[in-house]
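Here's the structure, in C-alpha cells; my notes come after.
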Amino acid sequence: MDNDTLKAVEFLQQGKIILYPTDTVWGIGCDATCDGAVRNIYSLKRRSDSKSMLVLVDSVEMLSRYVDELPEEVIELIEGASRPTTVILPGAKGLAPSLVASDGSVGFRVSRDEFSAGLCRELGTPVVSTSANISG
C-alpha cells in the first residue's frame, strides 16, 4: 500500500474528511460508518441532510455486509457493468444514520478505481463519495 493511501486511511480512522480521486470525480469522503464525519461533509458542502450521498465499497462482498439482502440480479448488474454503476438498495445497515434515506435505502458503488477501492479495503469499511463542490 502506498504512503498516500496509508495517510488517507489514518485520517479516515480519526473521523476526518479527505479529498480523493474516485472512478468518476475528485470526491470529498469520510468513513461511511462515522456519523460525525458524515455530518461534517453535509456542513462543509452546505448540503441538506435530506439529499443522499453515495457510498463506495471495494467489492460485492463488502457491499453485502451493509444491506439486509443483496439480490443476485444486483450482483450480476454490478459485475457486468463496464462503467461506474450506482445501485440504490433498501435495508441499509451498519452505516452512519445520516447516510440512510428515510426509506432505509443507500446508493452504493463498487469502485474500480485503484485508490478509492484501496481506501475501502484498507479501512475495512465503505467510504462516502460526494463531489468536491458546494451544493447548488
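Just so we're on the same page: first chain in the C-alpha cells is A, next is B, and so on; residues restart at 1 for each chain, and ligands are numbered from 1 in the order they show up.
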Members of chain A assigned strand (DSSP E or B) by DSSP, as a ChimeraX atom specification | /A:18-21,26-29,31,54-57,67,86-89,92,106-110,127-131
Write the residues of the preceding selection, restricted to N, CA and C atoms, as an mmCIF file, in the first residue's frame.
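Once everything was written out, this is out_27.cif:
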```
data_model
loop_
_atom_site.group_PDB
_atom_site.id
_atom_site.type_symbol
_atom_site.label_atom_id
_atom_site.label_comp_id
_atom_site.auth_asym_id
_atom_site.auth_seq_id
_atom_site.Cartn_x
_atom_site.Cartn_y
_atom_site.Cartn_z
ATOM 1 N N ILE A 18 -11.518 13.643 3.768
ATOM 2 C CA ILE A 18 -10.424 13.715 2.799
ATOM 3 C C ILE A 18 -10.955 14.123 1.428
ATOM 4 N N LEU A 19 -10.065 14.611 0.600
ATOM 5 C CA LEU A 19 -10.316 14.853 -0.818
ATOM 6 C C LEU A 19 -9.541 13.780 -1.549
ATOM 7 N N TYR A 20 -10.210 13.027 -2.436
ATOM 8 C CA TYR A 20 -9.534 11.889 -3.062
ATOM 9 C C TYR A 20 -10.125 11.588 -4.431
ATOM 10 N N PRO A 21 -9.349 10.933 -5.295
ATOM 11 C CA PRO A 21 -9.847 10.564 -6.623
ATOM 12 C C PRO A 21 -10.705 9.305 -6.546
ATOM 13 N N TRP A 26 -13.212 13.796 -8.442
ATOM 14 C CA TRP A 26 -12.480 14.009 -7.201
ATOM 15 C C TRP A 26 -13.567 14.175 -6.164
ATOM 16 N N GLY A 27 -13.511 13.368 -5.136
ATOM 17 C CA GLY A 27 -14.579 13.367 -4.161
ATOM 18 C C GLY A 27 -14.133 13.804 -2.787
ATOM 19 N N ILE A 28 -15.109 14.274 -2.030
ATOM 20 C CA ILE A 28 -14.924 14.503 -0.611
ATOM 21 C C ILE A 28 -15.457 13.250 0.059
ATOM 22 N N GLY A 29 -14.717 12.722 1.015
ATOM 23 C CA GLY A 29 -15.162 11.489 1.629
ATOM 24 C C GLY A 29 -14.784 11.363 3.076
ATOM 25 N N ASP A 31 -15.207 8.032 6.453
ATOM 26 C CA ASP A 31 -15.652 6.702 6.837
ATOM 27 C C ASP A 31 -17.182 6.724 6.869
ATOM 28 N N LEU A 54 -23.427 9.174 -1.970
ATOM 29 C CA LEU A 54 -23.010 7.858 -2.436
ATOM 30 C C LEU A 54 -22.023 7.215 -1.469
ATOM 31 N N VAL A 55 -22.057 5.896 -1.411
ATOM 32 C CA VAL A 55 -21.136 5.131 -0.586
ATOM 33 C C VAL A 55 -20.336 4.200 -1.498
ATOM 34 N N LEU A 56 -19.017 4.282 -1.409
ATOM 35 C CA LEU A 56 -18.148 3.400 -2.184
ATOM 36 C C LEU A 56 -17.750 2.188 -1.357
ATOM 37 N N VAL A 57 -17.693 1.046 -2.010
ATOM 38 C CA VAL A 57 -17.187 -0.184 -1.409
ATOM 39 C C VAL A 57 -16.151 -0.760 -2.361
ATOM 40 N N VAL A 67 -26.159 -4.280 3.725
ATOM 41 C CA VAL A 67 -27.571 -4.335 3.352
ATOM 42 C C VAL A 67 -28.170 -5.624 3.895
ATOM 43 N N THR A 86 -24.025 2.897 -10.015
ATOM 44 C CA THR A 86 -24.539 3.056 -8.662
ATOM 45 C C THR A 86 -25.848 2.293 -8.542
ATOM 46 N N VAL A 87 -25.984 1.538 -7.458
ATOM 47 C CA VAL A 87 -27.230 0.832 -7.178
ATOM 48 C C VAL A 87 -27.797 1.377 -5.870
ATOM 49 N N ILE A 88 -29.085 1.597 -5.858
ATOM 50 C CA ILE A 88 -29.755 2.072 -4.651
ATOM 51 C C ILE A 88 -30.471 0.876 -4.056
ATOM 52 N N LEU A 89 -30.086 0.540 -2.834
ATOM 53 C CA LEU A 89 -30.600 -0.662 -2.200
ATOM 54 C C LEU A 89 -31.307 -0.346 -0.888
ATOM 55 N N ALA A 92 -30.448 -0.763 4.336
ATOM 56 C CA ALA A 92 -29.076 -0.416 4.708
ATOM 57 C C ALA A 92 -28.868 -0.661 6.187
ATOM 58 N N VAL A 106 -29.771 3.239 0.532
ATOM 59 C CA VAL A 106 -28.491 3.931 0.325
ATOM 60 C C VAL A 106 -28.015 3.611 -1.089
ATOM 61 N N GLY A 107 -27.348 4.579 -1.718
ATOM 62 C CA GLY A 107 -26.727 4.356 -3.024
ATOM 63 C C GLY A 107 -25.307 3.845 -2.832
ATOM 64 N N PHE A 108 -25.002 2.724 -3.467
ATOM 65 C CA PHE A 108 -23.686 2.096 -3.369
ATOM 66 C C PHE A 108 -23.045 1.996 -4.751
ATOM 67 N N ARG A 109 -21.730 2.094 -4.767
ATOM 68 C CA ARG A 109 -20.958 1.810 -5.990
ATOM 69 C C ARG A 109 -19.745 0.982 -5.599
ATOM 70 N N VAL A 110 -19.510 -0.091 -6.351
ATOM 71 C CA VAL A 110 -18.278 -0.850 -6.183
ATOM 72 C C VAL A 110 -17.233 -0.121 -7.014
ATOM 73 N N VAL A 127 -16.643 4.039 2.131
ATOM 74 C CA VAL A 127 -16.221 5.434 2.187
ATOM 75 C C VAL A 127 -17.254 6.281 1.448
ATOM 76 N N VAL A 128 -17.644 7.389 2.054
ATOM 77 C CA VAL A 128 -18.565 8.330 1.415
ATOM 78 C C VAL A 128 -17.868 8.951 0.215
ATOM 79 N N SER A 129 -18.633 9.174 -0.842
ATOM 80 C CA SER A 129 -18.107 9.863 -2.015
ATOM 81 C C SER A 129 -19.132 10.873 -2.479
ATOM 82 N N THR A 130 -18.741 12.131 -2.471
ATOM 83 C CA THR A 130 -19.578 13.199 -2.988
ATOM 84 C C THR A 130 -18.668 14.210 -3.680
ATOM 85 N N SER A 131 -19.180 14.872 -4.679
ATOM 86 C CA SER A 131 -18.344 15.791 -5.445
ATOM 87 C C SER A 131 -17.772 16.893 -4.563
#
```
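Every protein or nucleic acid residue with an atom no more than 9 Å from A:Ile75, counting only C-alpha atoms and leaving out same-chain residues fewer than 5 positions away, appears here: Val60, Leu70 and Gly80 of chain A.
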Can you list every residue in stretch 12-120 of chain A that DSSP puts in helix (DSSP H, G or I), as number ranges by chain? A: 12-13, 35-45, 60-64, 72-80, 97-99, 114-120
Residue with the minimum atom-to-atom distance to A:Thr24, picked from A:Ser98, A:Leu123, A:Pro84, A:Ala132 with only C-alpha atoms counted, is A:Pro84
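Atom CA of A:Ile78 to atom CA of A:Thr33 spans 22.3 Å [interatomic distance, one decimal].
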Min atom-atom distance to A:Glu69 from the set A:Ser50, A:Ala32, A:Asn40, A:Pro90, counting only C-alpha atoms, belongs to A:Pro90
**Asked** Near A:Lys45, counting only C-alpha atoms, which residues have an atom at most 6 Å away, once you skip same-chain residues fewer than 2 positions from it, shown as a list in words?
**Response** Tyr42, Ser43, Arg47, Ile134 and Ser135 of chain A
Expected file: the selected residues, N, CA, C and O atoms, as an mmCIF file, in the first residue's frame:
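What follows is the written file out09.cif:
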```cif
data_model
loop_
_atom_site.group_PDB
_atom_site.id
_atom_site.type_symbol
_atom_site.label_atom_id
_atom_site.label_comp_id
_atom_site.auth_asym_id
_atom_site.auth_seq_id
_atom_site.Cartn_x
_atom_site.Cartn_y
_atom_site.Cartn_z
ATOM 1 N N TYR A 42 -21.822 17.119 5.171
ATOM 2 C CA TYR A 42 -23.043 17.879 4.876
ATOM 3 C C TYR A 42 -22.841 19.356 5.194
ATOM 4 O O TYR A 42 -23.224 20.236 4.420
ATOM 5 N N SER A 43 -22.224 19.643 6.313
ATOM 6 C CA SER A 43 -21.980 21.021 6.715
ATOM 7 C C SER A 43 -21.006 21.712 5.760
ATOM 8 O O SER A 43 -21.255 22.841 5.321
ATOM 9 N N ARG A 47 -25.024 21.276 2.369
ATOM 10 C CA ARG A 47 -25.977 20.385 1.716
ATOM 11 C C ARG A 47 -27.044 19.940 2.716
ATOM 12 O O ARG A 47 -26.725 19.580 3.844
ATOM 13 N N ILE A 134 -19.566 22.980 -3.424
ATOM 14 C CA ILE A 134 -20.663 23.406 -2.550
ATOM 15 C C ILE A 134 -21.965 23.034 -3.238
ATOM 16 O O ILE A 134 -22.101 23.204 -4.459
ATOM 17 N N SER A 135 -22.936 22.548 -2.503
ATOM 18 C CA SER A 135 -24.233 22.178 -3.088
ATOM 19 C C SER A 135 -24.887 23.381 -3.741
ATOM 20 O O SER A 135 -24.815 24.499 -3.242
#
```
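Here atom CA of A:Val9 stands at a distance of 21.7 Å from atom CA of A:Ser64.
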Shortest contact to A:Leu6, candidates A:Asn133, A:Cys30, A:Asp58, A:Gly118, atoms counted only C-alpha atoms, goes to A:Gly118
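Among the candidates A:Lys7, A:Lys51, A:Arg46, A:Arg65, the one nearest to A:Leu95 when counting only C-alpha atoms is A:Arg65.
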One decimal place gives the atom CA of A:Glu122-atom CA of A:Ser105 separation as 25.0 Å
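Minimum distance to A:Asn3 across A:Leu119, A:Thr125, A:Ala101, A:Glu73 (counting only C-alpha atoms) occurs at A:Leu119.
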